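Engineer: Here you go, this is entry03.csv (CSV, C-alpha atoms).
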```
chain,number,residue,atom,x,y,z
A,218,MET,CA,0.0,41.4,-16.0
A,219,HIS,CA,2.7,41.9,-18.6
A,220,GLY,CA,1.5,44.6,-21.0
A,221,GLU,CA,0.4,42.5,-24.0
A,222,GLU,CA,-3.0,41.9,-22.4
A,223,ILE,CA,-4.0,45.6,-22.8
A,224,SER,CA,-3.4,45.5,-26.6
A,225,PHE,CA,-6.0,42.8,-27.1
A,226,VAL,CA,-8.4,44.6,-24.8
A,227,ASN,CA,-7.8,47.9,-26.7
A,228,GLU,CA,-8.6,46.1,-29.9
A,229,ALA,CA,-11.9,45.0,-28.5
A,230,PHE,CA,-12.7,48.6,-27.7
A,231,GLU,CA,-11.4,50.0,-31.0
A,232,ARG,CA,-13.6,47.5,-32.9
A,233,ASN,CA,-16.5,48.2,-30.6
A,234,TRP,CA,-16.9,44.5,-29.8
A,235,ILE,CA,-17.3,44.1,-26.0
A,236,ALA,CA,-20.0,41.6,-25.6
A,237,PRO,CA,-19.7,37.8,-25.3
A,238,LEU,CA,-18.4,36.1,-28.5
A,239,GLY,CA,-16.0,37.9,-30.8
A,240,PHE,CA,-12.6,37.7,-32.3
A,241,ASN,CA,-10.7,37.5,-29.0
A,242,CYS,CA,-12.9,34.5,-27.9
A,243,ASP,CA,-12.3,32.7,-31.2
A,244,SER,CA,-8.6,33.3,-31.1
A,245,PHE,CA,-8.2,32.4,-27.4
A,246,GLU,CA,-10.0,29.1,-28.0
A,247,GLN,CA,-7.7,28.3,-31.0
A,248,GLU,CA,-4.5,29.4,-29.3
A,249,LEU,CA,-5.1,27.4,-26.1
A,250,CYS,CA,-6.1,24.3,-28.0
A,251,GLU,CA,-2.9,24.6,-30.1
A,252,TYR,CA,-1.0,24.8,-26.8
A,253,LEU,CA,-2.7,21.7,-25.4
A,254,ALA,CA,-2.8,19.5,-28.4
A,255,ASP,CA,-0.3,16.8,-29.4
A,256,SER,CA,1.1,17.0,-32.9
A,257,GLY,CA,-1.7,15.9,-35.2
A,258,GLU,CA,-4.4,16.0,-32.4
A,259,GLU,CA,-7.4,18.2,-32.9
A,260,LEU,CA,-9.0,19.8,-29.9
A,261,HIS,CA,-12.0,22.2,-29.8
A,262,GLY,CA,-12.3,24.9,-27.1
A,263,LEU,CA,-15.2,26.9,-25.8
A,264,SER,CA,-14.3,30.0,-23.7
A,265,LEU,CA,-16.7,30.4,-20.8
A,266,SER,CA,-17.4,32.6,-17.8
A,267,SER,CA,-15.7,30.1,-15.3
A,268,GLY,CA,-14.1,26.8,-15.0
A,269,THR,CA,-17.2,25.7,-13.0
A,270,ALA,CA,-19.4,26.5,-16.0
A,271,ALA,CA,-17.0,24.4,-18.2
A,272,LEU,CA,-17.4,21.5,-15.7
A,273,HIS,CA,-21.2,21.8,-15.7
A,274,LEU,CA,-21.3,21.6,-19.5
A,275,ALA,CA,-18.9,18.6,-19.5
A,276,VAL,CA,-21.2,16.8,-17.0
A,277,LYS,CA,-24.2,17.5,-19.4
A,278,LEU,CA,-22.2,16.3,-22.4
A,279,ALA,CA,-21.3,13.1,-20.6
A,280,GLY,CA,-25.0,12.4,-20.2
A,281,VAL,CA,-25.3,12.6,-16.4
A,282,LYS,CA,-29.0,12.4,-15.4
A,283,ARG,CA,-30.8,12.5,-12.1
A,284,GLY,CA,-29.7,9.6,-9.9
A,285,ASP,CA,-26.6,8.7,-12.0
A,286,ILE,CA,-23.4,7.8,-10.1
A,287,VAL,CA,-20.3,9.8,-10.9
A,288,LEU,CA,-17.0,8.6,-9.5
A,289,CYS,CA,-15.0,11.7,-8.4
A,290,SER,CA,-11.7,12.7,-6.9
A,291,ASP,CA,-12.2,13.1,-3.2
A,292,MET,CA,-9.5,15.6,-2.5
A,293,THR,CA,-10.4,18.7,-4.4
A,294,PHE,CA,-12.2,22.0,-4.2
A,295,SER,CA,-16.0,21.7,-4.2
A,296,ALA,CA,-16.3,23.4,-7.6
A,297,THR,CA,-15.1,20.1,-9.1
A,298,VAL,CA,-18.0,18.1,-7.9
A,299,ASN,CA,-20.8,20.6,-7.4
A,300,PRO,CA,-21.9,20.6,-11.1
A,301,ILE,CA,-22.8,16.9,-10.8
A,302,SER,CA,-25.5,18.0,-8.3
A,303,TYR,CA,-26.7,20.6,-10.9
A,304,GLU,CA,-27.7,17.7,-13.1
A,305,GLY,CA,-29.1,15.6,-10.2
A,306,GLY,CA,-26.1,13.1,-10.3
A,307,VAL,CA,-24.8,11.4,-7.2
A,308,GLN,CA,-21.1,11.8,-6.2
A,309,VAL,CA,-19.2,8.7,-5.1
A,310,PHE,CA,-15.7,9.8,-4.0
A,311,VAL,CA,-12.5,8.0,-4.7
A,312,ASP,CA,-9.6,8.2,-2.3
A,313,SER,CA,-6.1,9.5,-3.2
A,314,GLU,CA,-2.8,7.7,-3.6
A,315,ARG,CA,0.4,9.0,-1.9
A,316,GLU,CA,2.6,9.4,-4.9
A,317,THR,CA,0.7,12.4,-6.4
A,318,TRP,CA,-2.2,12.9,-4.0
A,319,ASN,CA,-4.6,12.4,-6.9
A,320,MET,CA,-7.3,9.7,-7.5
A,321,ASP,CA,-6.0,6.2,-6.8
A,322,PRO,CA,-6.5,4.0,-9.8
A,323,ARG,CA,-6.8,1.0,-7.5
A,324,ALA,CA,-9.6,2.7,-5.6
A,325,LEU,CA,-11.2,3.6,-8.9
A,326,GLU,CA,-11.3,0.0,-9.9
A,327,LEU,CA,-12.9,-1.0,-6.6
A,328,ALA,CA,-15.4,1.8,-7.1
A,329,PHE,CA,-16.4,0.4,-10.4
A,330,LYS,CA,-16.8,-3.1,-8.8
A,331,LYS,CA,-19.1,-1.5,-6.2
A,332,TYR,CA,-20.9,0.7,-8.6
A,333,PRO,CA,-20.8,-1.1,-12.0
A,334,GLN,CA,-23.5,1.2,-13.3
A,335,ALA,CA,-21.2,4.3,-13.1
A,336,LYS,CA,-20.3,5.6,-16.6
A,337,VAL,CA,-18.6,8.9,-15.8
A,338,VAL,CA,-15.4,9.7,-13.9
A,339,MET,CA,-14.4,13.2,-12.7
A,340,LEU,CA,-10.7,13.4,-12.2
A,341,VAL,CA,-8.6,16.3,-10.8
A,342,HIS,CA,-4.9,17.1,-11.2
A,343,LEU,CA,-4.4,18.4,-7.7
A,344,TYR,CA,-2.3,21.6,-7.2
A,345,GLY,CA,-1.0,21.2,-10.8
A,346,THR,CA,0.4,17.7,-10.3
A,347,PRO,CA,-0.7,15.2,-13.0
A,348,ALA,CA,-2.5,12.1,-11.9
A,349,LYS,CA,-1.5,8.5,-12.9
A,350,MET,CA,-3.1,8.9,-16.3
A,351,ASP,CA,-2.1,5.6,-17.9
A,352,GLU,CA,-3.7,3.6,-15.1
A,353,ILE,CA,-6.8,5.8,-14.8
A,354,SER,CA,-7.4,5.9,-18.5
A,355,GLU,CA,-7.1,2.2,-18.8
A,356,VAL,CA,-9.6,1.6,-16.0
A,357,CYS,CA,-12.1,4.1,-17.6
A,358,THR,CA,-11.7,2.5,-21.0
A,359,ARG,CA,-12.2,-1.0,-19.6
A,360,HIS,CA,-15.4,0.1,-17.9
A,361,ASN,CA,-16.6,2.2,-20.9
A,362,ALA,CA,-16.7,5.3,-18.8
A,363,VAL,CA,-16.4,8.9,-19.9
A,364,LEU,CA,-13.4,10.7,-18.4
A,365,ILE,CA,-13.8,14.4,-17.5
A,366,GLU,CA,-10.5,15.9,-16.6
A,367,ASP,CA,-10.5,18.9,-14.2
A,368,ALA,CA,-7.2,20.6,-15.1
A,369,ALA,CA,-8.2,23.9,-13.5
A,370,GLU,CA,-5.0,24.0,-11.5
A,371,ALA,CA,-2.8,22.2,-14.0
A,372,LEU,CA,-2.6,24.2,-17.2
A,373,SER,CA,0.9,23.6,-18.6
A,374,SER,CA,1.5,20.5,-16.6
A,375,THR,CA,2.4,17.4,-18.6
A,376,TYR,CA,2.3,13.6,-18.1
A,377,LYS,CA,4.7,11.7,-20.3
A,378,GLY,CA,4.9,14.8,-22.4
A,379,LYS,CA,1.2,15.2,-22.9
A,380,GLN,CA,-0.6,18.2,-21.6
A,381,ALA,CA,-3.0,17.9,-18.7
A,382,GLY,CA,-6.5,18.6,-19.8
A,383,SER,CA,-6.1,16.7,-23.1
A,384,PHE,CA,-6.5,13.1,-21.9
A,385,GLY,CA,-10.2,12.9,-21.1
A,386,LYS,CA,-13.1,13.0,-23.5
A,387,TYR,CA,-13.7,16.4,-21.9
A,388,GLY,CA,-11.1,18.7,-20.2
A,389,ILE,CA,-11.5,22.0,-18.5
A,390,VAL,CA,-9.1,24.7,-17.4
A,391,SER,CA,-9.6,27.8,-15.3
A,392,PHE,CA,-8.5,31.4,-15.6
A,393,ASN,CA,-9.7,32.5,-12.2
A,394,GLY,CA,-7.7,35.2,-10.5
A,395,ASN,CA,-5.5,32.8,-8.6
A,396,LYS,CA,-4.6,30.4,-11.5
A,397,ILE,CA,-1.3,30.2,-13.3
A,398,ILE,CA,-2.7,32.6,-16.0
A,399,THR,CA,-5.8,34.7,-15.4
A,400,SER,CA,-8.3,36.6,-17.5
A,401,SER,CA,-9.7,38.0,-14.2
A,402,GLY,CA,-12.2,35.2,-14.3
A,403,GLY,CA,-13.3,32.6,-16.9
A,404,GLY,CA,-12.5,29.1,-18.0
A,405,MET,CA,-12.5,26.9,-21.0
A,406,LEU,CA,-14.1,23.6,-22.0
A,407,VAL,CA,-11.9,21.4,-24.3
A,408,SER,CA,-13.4,18.6,-26.3
A,409,LYS,CA,-12.1,16.2,-28.9
A,410,SER,CA,-15.4,16.5,-30.7
A,411,LYS,CA,-16.4,19.6,-32.6
A,412,ALA,CA,-20.1,18.5,-32.4
A,413,ASP,CA,-19.8,18.3,-28.6
A,414,ARG,CA,-18.2,21.7,-28.5
A,415,ASP,CA,-20.9,23.2,-30.6
A,416,LYS,CA,-23.6,21.6,-28.4
A,417,ALA,CA,-22.0,23.1,-25.3
A,418,PHE,CA,-21.9,26.5,-27.1
A,419,PHE,CA,-25.7,26.1,-27.7
A,420,TRP,CA,-26.3,25.5,-24.0
A,421,ALA,CA,-24.0,28.3,-23.0
A,422,THR,CA,-25.9,30.8,-25.1
A,423,GLN,CA,-29.3,30.1,-23.5
A,424,SER,CA,-30.1,27.2,-25.9
A,425,ARG,CA,-31.5,29.6,-28.4
A,426,GLU,CA,-32.8,27.8,-31.5
A,427,LYS,CA,-32.2,29.1,-35.0
A,428,ALA,CA,-35.5,30.9,-35.5
A,429,PRO,CA,-36.4,34.5,-36.3
A,430,TRP,CA,-38.0,34.7,-32.9
A,431,TYR,CA,-36.7,33.6,-29.4
A,432,GLN,CA,-37.3,29.8,-29.5
A,433,HIS,CA,-36.1,27.6,-26.7
A,434,GLU,CA,-36.6,23.8,-26.6
A,435,GLU,CA,-33.9,23.1,-24.0
A,436,ILE,CA,-32.8,24.8,-20.8
A,437,GLY,CA,-29.8,27.0,-21.4
A,438,TYR,CA,-27.3,29.1,-19.5
A,439,ASN,CA,-25.5,32.4,-19.7
A,440,TYR,CA,-22.0,31.0,-19.6
A,441,ARG,CA,-20.1,32.7,-22.4
A,442,MET,CA,-16.9,34.6,-21.9
A,443,SER,CA,-16.7,38.3,-22.9
A,444,ASN,CA,-14.5,39.5,-25.7
A,445,VAL,CA,-12.7,41.8,-23.3
A,446,VAL,CA,-11.9,39.0,-20.8
A,447,ALA,CA,-10.7,36.7,-23.6
A,448,GLY,CA,-8.3,39.5,-24.7
A,449,ILE,CA,-6.7,39.5,-21.2
A,450,GLY,CA,-6.5,35.7,-21.5
A,451,ARG,CA,-4.7,35.9,-24.9
A,452,GLY,CA,-2.1,38.2,-23.5
A,453,GLN,CA,-1.6,36.0,-20.5
A,454,LEU,CA,-1.2,32.9,-22.6
A,455,LEU,CA,1.9,34.4,-24.1
A,456,HIS,CA,3.5,34.1,-20.7
A,457,LEU,CA,2.2,30.8,-19.5
A,458,ASP,CA,5.5,28.9,-19.7
A,459,GLU,CA,7.3,31.8,-18.0
A,460,HIS,CA,4.7,31.6,-15.2
A,461,ARG,CA,5.2,27.8,-14.9
A,462,ASP,CA,9.0,28.2,-14.7
A,463,ALA,CA,8.6,30.7,-11.9
A,464,LYS,CA,6.3,28.4,-10.0
A,465,VAL,CA,8.9,25.6,-10.4
A,466,GLU,CA,11.6,27.7,-8.9
A,467,ILE,CA,9.4,28.6,-5.9
A,468,TYR,CA,8.8,24.9,-5.3
A,469,LYS,CA,12.5,24.1,-5.5
A,470,ARG,CA,13.4,26.9,-3.0
A,471,TYR,CA,10.9,25.5,-0.5
A,472,LYS,CA,12.1,22.0,-1.0
A,473,ASP,CA,15.7,23.0,-0.5
A,474,GLY,CA,14.8,25.3,2.5
A,475,PHE,CA,13.1,22.5,4.3
A,476,LYS,CA,15.5,19.7,3.6
A,477,ASN,CA,16.7,19.2,7.2
A,478,LEU,CA,13.2,19.4,8.7
A,479,PRO,CA,10.5,16.7,9.1
A,480,ILE,CA,8.7,18.2,6.2
A,481,ALA,CA,7.9,16.8,2.7
A,482,MET,CA,6.7,18.8,-0.3
A,483,ASN,CA,3.7,17.7,-2.4
A,484,PRO,CA,5.0,14.7,-4.5
A,485,TYR,CA,4.9,14.0,-8.2
A,486,LEU,CA,5.8,11.3,-10.6
A,487,ASP,CA,9.2,11.3,-12.4
A,488,ASN,CA,7.4,10.9,-15.8
A,489,SER,CA,5.4,14.1,-15.2
A,490,ARG,CA,6.1,17.8,-15.2
A,491,PRO,CA,3.9,19.6,-12.7
A,492,ASN,CA,3.3,23.3,-13.0
A,493,HIS,CA,3.7,23.5,-9.2
A,494,TRP,CA,0.7,25.9,-9.2
A,495,LEU,CA,0.6,25.6,-5.4
A,496,SER,CA,3.6,24.5,-3.3
A,497,CYS,CA,2.3,22.4,-0.3
A,498,MET,CA,4.0,20.7,2.6
A,499,THR,CA,3.2,17.9,4.9
A,500,ILE,CA,4.6,17.3,8.4
A,501,ASP,CA,6.0,13.9,9.4
A,502,LYS,CA,3.4,11.8,11.3
A,503,LYS,CA,5.7,11.4,14.3
A,504,CYS,CA,6.2,15.1,14.7
A,505,ALA,CA,4.8,16.8,17.8
A,506,ILE,CA,4.1,20.0,15.9
A,507,SER,CA,0.8,20.2,13.9
A,508,PHE,CA,0.2,22.0,10.7
A,509,MET,CA,-2.1,24.4,12.6
A,510,ASP,CA,0.9,25.4,14.8
A,511,ILE,CA,2.7,26.4,11.7
A,512,TYR,CA,-0.4,28.0,10.2
A,513,GLU,CA,-0.7,30.2,13.3
A,514,LYS,CA,3.0,31.1,13.4
A,515,LEU,CA,2.8,32.2,9.7
A,516,ASN,CA,-0.4,34.1,10.4
A,517,ASP,CA,1.3,35.9,13.3
A,518,ALA,CA,4.0,37.0,10.9
A,519,ASN,CA,1.4,38.3,8.4
A,520,ILE,CA,2.1,35.4,6.0
A,521,GLU,CA,-1.0,33.8,4.5
A,522,SER,CA,-1.1,30.0,4.3
A,523,ARG,CA,-4.0,27.6,4.1
A,524,PRO,CA,-4.8,24.0,5.0
A,525,ILE,CA,-4.9,21.6,2.1
A,526,TRP,CA,-8.3,20.9,0.5
A,527,LYS,CA,-10.5,19.2,3.0
A,528,PRO,CA,-11.7,15.9,1.3
A,529,MET,CA,-15.2,16.0,-0.1
A,530,HIS,CA,-16.4,13.0,1.9
A,531,MET,CA,-15.7,15.1,5.0
A,532,GLN,CA,-17.8,18.0,3.9
A,533,PRO,CA,-21.2,18.4,5.6
A,534,VAL,CA,-22.9,19.1,2.3
A,535,PHE,CA,-21.9,15.6,1.1
A,536,LYS,CA,-22.7,13.8,4.3
A,537,GLY,CA,-23.8,10.2,3.5
A,538,HIS,CA,-21.9,10.0,0.2
A,539,ASP,CA,-19.7,7.0,-0.2
A,540,CYS,CA,-15.9,7.2,-0.5
A,541,VAL,CA,-14.0,4.2,-1.8
A,542,LYS,CA,-10.5,3.6,-0.4
A,543,VAL,CA,-7.8,0.9,-0.7
A,544,GLU,CA,-5.8,1.4,2.5
A,545,ASN,CA,-7.2,0.9,6.0
A,546,GLU,CA,-7.2,4.7,6.5
A,547,TYR,CA,-8.2,7.4,4.0
A,548,VAL,CA,-5.0,8.6,2.4
A,549,ASP,CA,-6.5,12.1,1.8
A,550,GLU,CA,-7.7,12.4,5.4
A,551,ASP,CA,-4.1,11.7,6.4
A,552,ILE,CA,-2.7,14.3,4.0
A,553,PHE,CA,-5.3,16.9,5.1
A,554,GLY,CA,-4.4,16.3,8.7
A,555,ARG,CA,-0.8,17.1,8.1
A,556,GLY,CA,-0.7,19.5,5.2
A,557,LEU,CA,-0.4,23.2,4.5
A,558,CYS,CA,-0.5,25.3,1.3
A,559,LEU,CA,2.3,27.8,1.2
A,560,PRO,CA,2.6,31.2,-0.5
A,561,SER,CA,3.2,30.5,-4.2
A,562,ASP,CA,2.6,33.8,-6.0
A,563,ILE,CA,5.1,34.4,-8.8
A,564,LYS,CA,5.3,38.0,-7.8
A,565,MET,CA,6.7,36.9,-4.4
A,566,THR,CA,10.4,37.9,-4.2
A,567,GLU,CA,13.1,35.5,-3.1
A,568,GLU,CA,13.6,37.6,0.1
A,569,GLU,CA,9.9,37.2,0.9
A,570,GLN,CA,10.0,33.5,0.3
A,571,ALA,CA,13.1,33.3,2.5
A,572,ARG,CA,11.0,34.9,5.3
A,573,VAL,CA,8.4,32.2,4.9
A,574,ILE,CA,11.0,29.5,5.1
A,575,GLU,CA,12.6,31.0,8.2
A,576,THR,CA,9.3,31.4,9.9
A,577,VAL,CA,8.5,27.7,9.3
A,578,LYS,CA,12.0,26.7,10.6
A,579,ARG,CA,11.5,28.6,13.8
A,580,CYS,CA,8.5,26.4,14.6
A,581,PHE,CA,10.9,23.5,15.0
```
Kindly return the structure encoded in the file as structure tokens.
Structural biologist:
Amino acid sequence: MHGEEISFVNEAFERNWIAPLGFNCDSFEQELCEYLADSGEELHGLSLSSGTAALHLAVKLAGVKRGDIVLCSDMTFSATVNPISYEGGVQVFVDSERETWNMDPRALELAFKKYPQAKVVMLVHLYGTPAKMDEISEVCTRHNAVLIEDAAEALSSTYKGKQAGSFGKYGIVSFNGNKIITSSGGGMLVSKSKADRDKAFFWATQSREKAPWYQHEEIGYNYRMSNVVAGIGRGQLLHLDEHRDAKVEIYKRYKDGFKNLPIAMNPYLDNSRPNHWLSCMTIDKKCAISFMDIYEKLNDANIESRPIWKPMHMQPVFKGHDCVKVENEYVDEDIFGRGLCLPSDIKMTEEEQARVIETVKRCF
């Protein structure tokens, strides 16, 4: 927190406007969309209680019905793909490529050949690293598929100068407590269509019809963000680029600190600018030390680390779901088997980060 946040919160109290909806919600939506939009592009935001709520509404807007196939990033957090199940859809997972750890466009093409009926793609920008958007967008366009862009971890990341979250028909960002900016909780749906934004607003406010009594003709949800939470988000948004720059420096210090070790940092494309939301490492395949060895050494030193996202096709809850790959092995299984997420908090001091680096070095 920086201080500006409380001024927006105080205004909500002074104007006695605490509940969902309100001037902070309206301004937060406008200010975030202005940040995300290219010059001349018009985006429409809807502030919600979580990024997961935004994903659910995006799935509904995309028209997913019971039994529909949705092609999804395989390496992600379960919140990305769970909303497909809310609408009765069926997840078919798509393996990662090695240059960004994101959805492989070649595997996506194979998935469309295997499931030509699929009309929705759920893409994630993993750990704040933009995916290969030119190739993925081209595949989606050729197959007339709706692209939903999960940029929960990637706010402020760019691909060829364009903001993550602004490529798909629908994009979402998250303001959860661990994200690059936080409103303590919450998320936002971003759409290129005001009509779609307004439809999502209707669903998010319990699908209440315009009538003098409580009239409901569709199932709705209590998904709106409060005016207080939106005020925190507005204050945080003022510092988004500052937070991103701090994350970049953390990544660079790790990369420099591990340069003589059999370790590689999470990769990215030269034409992209990741926010480096989370700095991650993988150990060389030939190394006798496992990522769990390092995890345990860090844990013994009271340093929290965490394995990389376990691929969705390996999760018991999605047992039996297909996963389409290009290589003989699953790329994301290989990454998961060698990878570790490192402390990446912008409040971490350089001395604290040096202690993380030295603890990892001692493992070798």
Engineer: I'd like the interatomic distance between atom CA of Leu327 of chain A and atom CA of Ile552 of chain A, to a tenth of an Å.
Structural biologist: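 Calculated distance between atom CA of Leu327 of chain A and atom CA of Ile552 of chain A is 21.2 Å.
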Engineer: Counting all atoms listed in the file, which of A:Arg232, A:His433, A:Lys409, A:Arg461 gets nearest to Glu259 of chain A?
Structural biologist: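 Closest residue, counting all atoms listed in the file: A:Lys409.
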Engineer: Between A:Ala369, A:Met498, A:Met529, A:Leu343, which residue has the minimum interatomic distance to Val298 of chain A, considering only C-alpha atoms?
Structural biologist: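 Checking each candidate against Val298 of chain A, we get A:Met529 as the closest.
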Engineer: Can you tell me how far atom CA of Tyr376 of chain A sits from atom CA of Gly474 of chain A, in Å to one decimal?
Structural biologist: 26.8 Å
Engineer: Where does segment 220-240 of chain A meet segment 245-251 of chain A within 12 Å, residue by residue, with the nearest atom pair and distance in Å to one decimal for each, counting all atoms listed in the file, listed by chain and rising number, as JSON lines?
Structural biologist:
```
{"residue": "A:Glu222", "atom": "CA", "partner": "A:Phe245", "partner_atom": "CA", "distance": 11.9}
{"residue": "A:Phe225", "atom": "CA", "partner": "A:Phe245", "partner_atom": "CA", "distance": 10.6}
{"residue": "A:Leu238", "atom": "CA", "partner": "A:Phe245", "partner_atom": "CA", "distance": 10.9}
{"residue": "A:Gly239", "atom": "CA", "partner": "A:Phe245", "partner_atom": "CA", "distance": 10.1}
{"residue": "A:Phe240", "atom": "CA", "partner": "A:Phe245", "partner_atom": "CA", "distance": 8.5}
```
Engineer: Please, what distance in Å, to one decimal, runs between atom CA of Cys497 of chain A and atom CA of Glu567 of chain A?
Structural biologist: 17.2 Å
Engineer: Hey, what's within 10 Å of Asp501 of chain A if we count only C-alpha atoms and toss same-chain stuff fewer than 3 positions away? As a list in words, please?
Structural biologist: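 Those residues are Leu478, Pro479, Ile480, Ala481, Met498, Cys504, Ala505, Ile506, Ser507, Arg555 and Gly556 of chain A.
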Engineer: List every protein, DNA or RNA residue with an atom no more than 8 Å from (-17.5, 3.4, -15.8) in the file's coordinates, counting all atoms listed in the file, and format the result as a list in words.
Structural biologist: Phe329, Pro333, Gln334, Ala335, Lys336, Val337, Val338, Cys357, Thr358, Arg359, His360, Asn361, Ala362 and Val363 of chain A
Engineer: Which neighbours of Val281 of chain A fall inside 12 Å, counting all atoms listed in the file, when residues of the same chain fewer than 5 positions from it are skipped, and could you give them as a PyMOL selection string?
Structural biologist: chain A and resi 272-276+286-288+300-308+334-339+362-363+365
Engineer: Do you know which residues are at most 9 Å from Glu314 of chain A counting all atoms listed in the file, after dropping those on the same chain fewer than 4 positions away, and could you put them as a PyMOL selection string?
Structural biologist: chain A and resi 318-324+543+548-549
Engineer: For Leu486 of chain A, which residue among A:Thr375, A:Thr566, A:Ser408, A:Asn299 is the nearest when counting only C-alpha atoms?
Structural biologist: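 Using only C-alpha atoms, Leu486 of chain A sits closest to A:Thr375.
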Engineer: Here is a test: counting all atoms listed in the file, which residue of A:Asp415, A:Glu550, A:Asp367, A:Asp517 is nearest to Val577 of chain A?
Structural biologist: A:Asp517
